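Coordinates as given in entry14.cif (mmCIF, C-alpha atoms):
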data_my_file
#
loop_
_atom_site.label_atom_id
_atom_site.label_comp_id
_atom_site.auth_asym_id
_atom_site.auth_seq_id
_atom_site.Cartn_x
_atom_site.Cartn_y
_atom_site.Cartn_z
CA MET A 30 -77.29 24.16 -87.65
CA SER A 31 -74.34 26.50 -87.03
CA ILE A 32 -71.14 26.42 -89.08
CA ARG A 33 -68.23 24.74 -87.28
CA LEU A 34 -65.72 24.47 -90.13
CA ILE A 35 -64.95 26.66 -93.14
CA ALA A 36 -62.94 25.11 -95.98
CA LEU A 37 -61.37 27.61 -98.35
CA ASP A 38 -59.52 27.42 -101.62
CA ILE A 39 -56.66 29.92 -101.63
CA ASP A 40 -55.84 31.22 -105.11
CA GLY A 41 -58.70 32.99 -106.83
CA THR A 42 -60.87 32.59 -103.74
CA THR A 43 -59.35 33.71 -100.43
CA LEU A 44 -56.58 35.76 -102.03
CA ASN A 45 -57.35 38.62 -104.39
CA SER A 46 -56.07 38.80 -107.97
CA LYS A 47 -52.80 40.27 -106.71
CA GLY A 48 -52.26 37.21 -104.56
CA ARG A 49 -52.84 39.05 -101.30
CA LEU A 50 -55.12 38.57 -98.31
CA THR A 51 -57.03 41.78 -97.68
CA GLU A 52 -57.50 43.14 -94.19
CA ARG A 53 -61.26 42.66 -94.43
CA THR A 54 -60.97 38.98 -95.31
CA LYS A 55 -58.23 38.39 -92.72
CA ASP A 56 -60.42 40.02 -90.08
CA ALA A 57 -63.41 37.83 -91.02
CA LEU A 58 -61.29 34.66 -90.86
CA GLU A 59 -59.83 35.56 -87.47
CA ARG A 60 -63.25 36.51 -86.08
CA ALA A 61 -64.56 33.12 -87.19
CA ILE A 62 -61.65 31.34 -85.51
CA GLU A 63 -62.13 33.36 -82.32
CA SER A 64 -65.79 32.29 -82.29
CA GLY A 65 -64.75 28.62 -82.31
CA VAL A 66 -64.98 27.85 -86.03
CA TYR A 67 -62.20 25.84 -87.68
CA VAL A 68 -60.80 27.63 -90.72
CA VAL A 69 -59.08 25.17 -93.06
CA MET A 70 -57.25 26.21 -96.21
CA ALA A 71 -57.70 23.54 -98.90
CA THR A 72 -55.36 24.22 -101.78
CA GLY A 73 -53.63 22.75 -104.78
CA ARG A 74 -50.40 24.29 -103.53
CA CYS A 75 -47.86 22.13 -101.75
CA PHE A 76 -47.15 22.93 -98.10
CA ASP A 77 -43.90 24.83 -98.68
CA ALA A 78 -45.64 27.11 -101.20
CA LEU A 79 -48.31 28.36 -98.80
CA PRO A 80 -48.39 32.19 -98.91
CA ASP A 81 -47.06 34.22 -96.02
CA ASP A 82 -50.38 36.06 -95.81
CA ILE A 83 -52.18 32.76 -95.19
CA MET A 84 -49.67 31.50 -92.64
CA ALA A 85 -50.04 34.79 -90.74
CA ILE A 86 -53.71 34.10 -89.93
CA SER A 87 -53.88 33.80 -86.14
CA ASN A 88 -54.71 30.43 -84.56
CA MET A 89 -55.44 28.51 -87.75
CA ASN A 90 -55.26 24.79 -86.90
CA TYR A 91 -55.22 22.70 -90.09
CA VAL A 92 -54.34 22.94 -93.76
CA VAL A 93 -55.09 20.67 -96.73
CA THR A 94 -52.43 20.83 -99.45
CA SER A 95 -51.56 19.30 -102.85
CA ASN A 96 -55.27 18.96 -103.72
CA GLY A 97 -55.87 16.77 -100.68
CA ALA A 98 -52.72 14.65 -100.68
CA MET A 99 -51.72 15.99 -97.27
CA VAL A 100 -53.53 17.24 -94.17
CA ARG A 101 -51.28 18.86 -91.59
CA ASP A 102 -51.83 20.07 -88.03
CA LEU A 103 -50.25 23.52 -87.97
CA ASN A 104 -49.85 23.52 -84.21
CA THR A 105 -47.91 20.27 -83.89
CA GLY A 106 -46.57 19.83 -87.42
CA GLU A 107 -48.15 16.35 -87.48
CA VAL A 108 -49.25 14.99 -90.86
CA ILE A 109 -52.77 13.68 -90.25
CA LEU A 110 -53.27 12.32 -93.77
CA ARG A 111 -50.87 11.47 -96.58
CA ASN A 112 -52.53 10.25 -99.80
CA CYS A 113 -49.92 9.94 -102.55
CA LEU A 114 -50.01 8.47 -106.05
CA ASP A 115 -49.50 4.75 -106.42
CA PRO A 116 -45.85 4.13 -107.44
CA GLU A 117 -46.99 2.11 -110.47
CA VAL A 118 -49.07 5.09 -111.66
CA VAL A 119 -46.02 7.33 -111.27
CA VAL A 120 -44.04 5.00 -113.54
CA GLU A 121 -46.78 5.11 -116.19
CA ALA A 122 -47.09 8.89 -115.89
CA GLU A 123 -43.34 9.29 -116.40
CA LYS A 124 -43.60 7.48 -119.73
CA ILE A 125 -46.18 10.03 -120.88
CA LEU A 126 -44.43 13.11 -119.53
CA ARG A 127 -40.74 12.52 -120.25
CA ASP A 128 -40.98 13.70 -123.85
CA CYS A 129 -44.29 15.55 -123.79
CA GLY A 130 -42.68 18.95 -124.37
CA GLN A 131 -44.70 20.61 -121.60
CA MET A 132 -43.74 22.25 -118.31
CA VAL A 133 -43.98 19.77 -115.44
CA GLU A 134 -43.75 20.10 -111.66
CA ILE A 135 -43.83 17.41 -109.01
CA PHE A 136 -44.75 17.69 -105.33
CA ILE A 137 -42.86 15.52 -102.83
CA ASP A 138 -43.32 15.76 -99.05
CA GLY A 139 -44.73 19.27 -99.30
CA THR A 140 -42.05 20.62 -101.66
CA ALA A 141 -42.35 21.48 -105.38
CA TYR A 142 -39.65 20.59 -107.92
CA ILE A 143 -39.08 21.64 -111.54
CA GLU A 144 -36.39 21.00 -114.14
CA ARG A 145 -33.32 23.17 -113.53
CA SER A 146 -33.21 24.38 -117.14
CA LEU A 147 -36.82 25.62 -116.84
CA TYR A 148 -36.09 27.26 -113.49
CA GLU A 149 -33.11 29.12 -114.97
CA TYR A 150 -35.05 30.07 -118.09
CA ILE A 151 -37.74 31.68 -115.95
CA ARG A 152 -35.16 33.26 -113.64
CA ASP A 153 -33.40 34.87 -116.60
CA GLY A 154 -36.55 36.45 -118.00
CA GLY A 155 -38.12 33.72 -120.11
CA ASP A 156 -41.87 33.33 -120.42
CA THR A 157 -43.43 31.70 -117.39
CA TYR A 158 -46.62 29.81 -116.58
CA ARG A 159 -46.73 31.64 -113.22
CA HIS A 160 -45.45 34.94 -111.82
CA ARG A 161 -41.65 34.82 -111.91
CA GLU A 162 -41.27 35.79 -108.25
CA TYR A 163 -43.63 32.99 -107.19
CA VAL A 164 -41.71 30.37 -109.16
CA MET A 165 -38.35 31.55 -107.79
CA LYS A 166 -39.65 31.45 -104.23
CA THR A 167 -41.57 28.18 -104.25
CA ARG A 168 -40.00 25.86 -106.87
CA ASN A 169 -36.82 23.84 -106.32
CA PRO A 170 -34.68 23.05 -109.38
CA VAL A 171 -33.33 19.54 -110.09
CA ASP A 172 -31.18 18.36 -112.99
CA ASP A 173 -33.34 15.40 -114.02
CA LEU A 174 -36.94 15.95 -113.01
CA MET A 175 -38.21 12.67 -114.44
CA GLY A 176 -35.40 10.78 -112.73
CA HIS A 177 -36.30 12.55 -109.49
CA LEU A 178 -39.91 11.56 -110.05
CA LEU A 179 -39.05 7.88 -110.40
CA LYS A 180 -36.60 7.93 -107.50
CA ASN A 181 -39.36 9.24 -105.23
CA ARG A 182 -42.23 7.31 -106.83
CA ASP A 183 -43.70 6.27 -103.47
CA ARG A 184 -43.83 9.87 -102.16
CA ILE A 185 -45.42 11.80 -105.04
CA GLU A 186 -48.31 13.97 -103.85
CA ASN A 187 -49.11 15.61 -107.17
CA ILE A 188 -47.87 16.02 -110.74
CA ASN A 189 -48.66 19.38 -112.32
CA ILE A 190 -48.50 19.94 -116.09
CA PHE A 191 -48.70 23.40 -117.70
CA PHE A 192 -49.51 24.08 -121.34
CA ASN A 193 -48.69 26.93 -123.70
CA THR A 194 -51.94 26.51 -125.64
CA GLN A 195 -55.45 25.28 -124.95
CA GLU A 196 -55.13 22.91 -127.89
CA ALA A 197 -52.15 21.19 -126.25
CA LYS A 198 -54.05 20.95 -122.98
CA ALA A 199 -57.09 19.45 -124.67
CA ALA A 200 -54.97 16.92 -126.56
CA MET A 201 -53.28 15.73 -123.37
CA HIS A 202 -56.50 15.15 -121.44
CA PRO A 203 -57.56 11.80 -122.97
CA VAL A 204 -53.98 10.57 -122.68
CA LEU A 205 -53.90 11.32 -118.95
CA LEU A 206 -57.32 9.74 -118.43
CA GLN A 207 -55.79 6.43 -119.51
CA LEU A 208 -53.85 6.37 -116.24
CA GLU A 209 -55.58 3.90 -113.95
CA ASN A 210 -55.94 4.58 -110.21
CA ALA A 211 -55.36 8.30 -110.68
CA THR A 212 -57.38 11.51 -110.66
CA VAL A 213 -56.96 14.26 -113.26
CA THR A 214 -58.19 17.72 -112.36
CA SER A 215 -57.46 21.38 -113.07
CA SER A 216 -57.11 24.49 -110.94
CA LEU A 217 -55.92 26.88 -113.66
CA ASP A 218 -56.89 27.50 -117.27
CA ASN A 219 -53.58 26.11 -118.53
CA ASN A 220 -52.92 23.05 -116.37
CA TRP A 221 -53.77 19.44 -115.57
CA GLU A 222 -52.98 17.94 -112.18
CA ILE A 223 -52.50 14.21 -111.55
CA GLY A 224 -53.26 12.89 -108.08
CA GLY A 225 -53.90 9.58 -106.38
CA ALA A 226 -56.99 7.47 -107.01
CA THR A 227 -58.78 8.85 -103.94
CA THR A 228 -56.93 12.14 -103.65
CA SER A 229 -59.17 15.21 -103.50
CA LYS A 230 -59.84 18.15 -101.26
CA ALA A 231 -63.18 16.50 -100.47
CA ASN A 232 -61.65 13.24 -99.30
CA ALA A 233 -59.10 15.05 -97.15
CA LEU A 234 -61.77 17.21 -95.55
CA ARG A 235 -63.92 14.13 -94.93
CA THR A 236 -61.05 12.60 -92.98
CA LEU A 237 -60.58 15.80 -91.00
CA THR A 238 -64.26 16.39 -90.22
CA GLU A 239 -64.69 12.79 -89.08
CA MET A 240 -61.74 13.26 -86.74
CA LEU A 241 -63.23 16.49 -85.38
CA GLY A 242 -66.80 15.15 -85.17
CA ILE A 243 -68.18 17.74 -87.60
CA LYS A 244 -71.23 16.98 -89.74
CA LYS A 245 -71.70 17.97 -93.37
CA GLU A 246 -74.38 20.46 -92.37
CA GLU A 247 -71.83 22.20 -90.13
CA MET A 248 -69.34 22.85 -92.93
CA MET A 249 -69.10 25.71 -95.41
CA ALA A 250 -66.74 25.54 -98.39
CA CYS A 251 -65.69 28.27 -100.82
CA GLY A 252 -63.97 27.87 -104.18
CA ASP A 253 -63.57 29.06 -107.75
CA SER A 254 -62.15 26.22 -109.90
CA PRO A 255 -63.07 22.70 -111.06
CA ASN A 256 -60.80 21.10 -108.47
CA ASP A 257 -63.01 22.72 -105.80
CA ILE A 258 -66.27 21.14 -106.94
CA ALA A 259 -65.97 17.90 -104.96
CA MET A 260 -65.07 19.94 -101.86
CA LEU A 261 -68.13 22.12 -102.30
CA GLN A 262 -70.31 19.03 -102.70
CA GLU A 263 -68.97 17.79 -99.38
CA ALA A 264 -70.21 20.90 -97.55
CA GLY A 265 -73.64 21.80 -96.25
CA ILE A 266 -73.17 25.32 -97.61
CA SER A 267 -71.29 25.57 -100.90
CA VAL A 268 -70.06 29.01 -101.93
CA ALA A 269 -68.68 30.08 -105.29
CA VAL A 270 -66.93 33.41 -105.37
CA GLY A 271 -68.20 35.76 -108.08
CA ASN A 272 -65.18 35.14 -110.30
CA ALA A 273 -65.57 31.33 -110.18
CA LYS A 274 -65.77 29.20 -113.31
CA GLU A 275 -69.32 28.55 -114.52
CA PRO A 276 -69.43 24.83 -113.50
CA VAL A 277 -68.56 25.89 -109.95
CA LYS A 278 -71.24 28.57 -109.90
CA GLU A 279 -73.83 26.16 -111.29
CA MET A 280 -73.48 23.71 -108.40
CA ALA A 281 -72.97 26.20 -105.57
CA SER A 282 -75.76 26.98 -103.13
CA PHE A 283 -74.60 30.60 -102.87
CA ILE A 284 -72.66 32.89 -105.21
CA SER A 285 -70.72 35.49 -103.27
CA ALA A 286 -68.80 38.57 -104.33
CA THR A 287 -65.57 38.13 -106.29
CA ASN A 288 -62.19 37.51 -104.68
CA ASN A 289 -61.39 41.18 -105.35
CA GLU A 290 -64.53 42.18 -103.45
CA ASP A 291 -63.84 40.03 -100.35
CA GLY A 292 -66.23 37.26 -101.38
CA VAL A 293 -64.97 34.98 -98.61
CA ALA A 294 -65.59 37.68 -95.99
CA VAL A 295 -69.09 38.25 -97.38
CA ALA A 296 -69.88 34.54 -97.06
CA ILE A 297 -68.47 34.32 -93.53
CA ASP A 298 -70.50 37.31 -92.38
CA LYS A 299 -73.64 35.82 -93.91
CA PHE A 300 -73.41 32.17 -92.87
CA VAL A 301 -71.33 32.29 -89.68
CA PHE A 302 -72.44 35.59 -88.17
CA GLY A 303 -75.87 36.03 -89.83
CA LYS A 304 -74.94 39.43 -91.16
CA GLU A 305 -76.00 40.55 -94.62
CA THR A 306 -73.45 42.74 -96.39
CA GLU A 307 -73.73 44.88 -99.47
#
Starting from the coordinates I provided, produce the structure as structure tokens.
Amino acid sequence: MSIRLIALDIDGTTLNSKGRLTERTKDALERAIESGVYVVMATGRCFDALPDDIMAISNMNYVVTSNGAMVRDLNTGEVILRNCLDPEVVVEAEKILRDCGQMVEIFIDGTAYIERSLYEYIRDGGDTYRHREYVMKTRNPVDDLMGHLLKNRDRIENINIFFNTQEAKAAMHPVLLQLENATVTSSLDNNWEIGGATTSKANALRTLTEMLGIKKEEMMACGDSPNDIAMLQEAGISVAVGNAKEPVKEMASFISATNNEDGVAVAIDKFVFGKETE
């Protein structure tokens, strides 16, 4: 059965380690779209933080953001799916996070917010959990992040927590798992992400493929991190790029080249166009 939809993680998968979309991968994506295949970016990023390189892909129709909390039609701007945290979970999460001493972000209606003092610290040259330019471009500072969280408790797509050490990350995990009606996942070595009870890239893509009349066997998904695993399980062809984490590689049906070697383009040529590449 031919591939009708390709679901792609962005960071570490579609983009190279410099955060750029190579010409080879862009060409493969646009050839797939021209041939009638839906190309859907499925990312932990919020909508406003989508890279310019990704938004420049010609004729891309849909995007899944905030780990599946939102599905948007890029042609009309319509939000097809919104799957936020339960407000009661947000209240409980705030109790854990207010004095946790870690770096926290929240996603609301496609926009990312961080504490103003953290924003200014990073702006002025302090250590950062991300590239400074990325934080300055995509994060919006507020004076009381936890107050902002509670004020918008019914619109929270995702809560992102970053840690300075692996020990701190490990210690926080069982605490976060006590949150009922929430999911806890990770897309980076130093973070935990809190989403709604049914929020995942897989669930969002299921909603989209049902709307489009696409079967599991007609979907290919590519990823590199633990938050991609459910998405890969949802696809008939699951692809791990060569730089993926071991749990992702272990469950994938195909291991492609790394993101620095155009692993997404290699998979598209193989499974969409039947072309073997070196």
For Asn90 of chain A, the closest of A:Arg168, A:Gly292, A:Ile266, A:Leu241 counting all atoms listed in the file is A:Leu241
Practice prompt. Please provide the set of residues having any atom within 12 Å of Gly176 of chain A, restricted to all atoms listed in the file, with same-chain residues fewer than 3 positions apart removed, written as a list in words.
Written response: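 My list of contacting residues is Val119, Val120, Glu123, Lys124, Leu126, Arg127, Ile135, Tyr142, Ile143, Glu144, Val171, Asp172, Asp173, Leu179, Lys180, Asn181 and Arg182 of chain A.
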Do you know which residues the PyMOL selection byres ((chain A and resi 226) around 12) returns on this file, as a PyMOL selection string?
chain A and resi 97-98+112-119+186-187+206+208-214+223-225+227-229+232
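With the shown file loaded, the PyMOL selection byres ((chain A and resi 131) around 7) picks out A:Cys129, A:Gly130, A:Met132, A:Val133, A:Ile190, A:Phe191, A:Phe192.
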Hits from the PyMOL selection byres ((chain A and resi 59) around 12), listed as number ranges by chain: A: 35, 52-58, 60-69, 83, 85-90, 294, 297-298
Straight-line distance linking atom CA of His202 of chain A with atom CA of Glu222 of chain A, stated in Å to one decimal: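 Going from atom CA of His202 of chain A over to atom CA of Glu222 of chain A, I get 10.3 Å.
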Which residue is closest to Ser254 of chain A? Choose from A:Gly48, A:Pro170, A:Pro276, A:Gly303 and count only C-alpha atoms.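 Closest to Ser254 of chain A, using only C-alpha atoms: A:Pro276.
With atom CA of Thr236 of chain A on one side and atom CA of Met70 of chain A on the other, the separation reads 14.5 Å.
Candidate residues A:Pro255, A:Gly73, A:Gly155, A:Gly41 were compared for distance to Phe136 of chain A, and the nearest is A:Gly73, using all atoms listed in the file.
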Q: Rank A:Asp128, A:Ala264, A:Glu134, A:Asp257 by their smallest atom-to-atom distance to Lys278 of chain A, using all atoms listed in the file, and report the top residue only.
A: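 Closest residue, counting all atoms listed in the file: A:Asp257.
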When you count all atoms listed in the file, which of these residues is closest to Gly139 of chain A: A:Cys75, A:Val277, A:Ile125, A:Ile151?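 Under the stated criterion, the closest residue is A:Cys75.
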**Asked** Interatomic distance between atom CA of Ser282 of chain A and atom CA of Ser216 of chain A?
**Response**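 According to the coordinates, atom CA of Ser282 of chain A and atom CA of Ser216 of chain A are separated by 20.4 Å.
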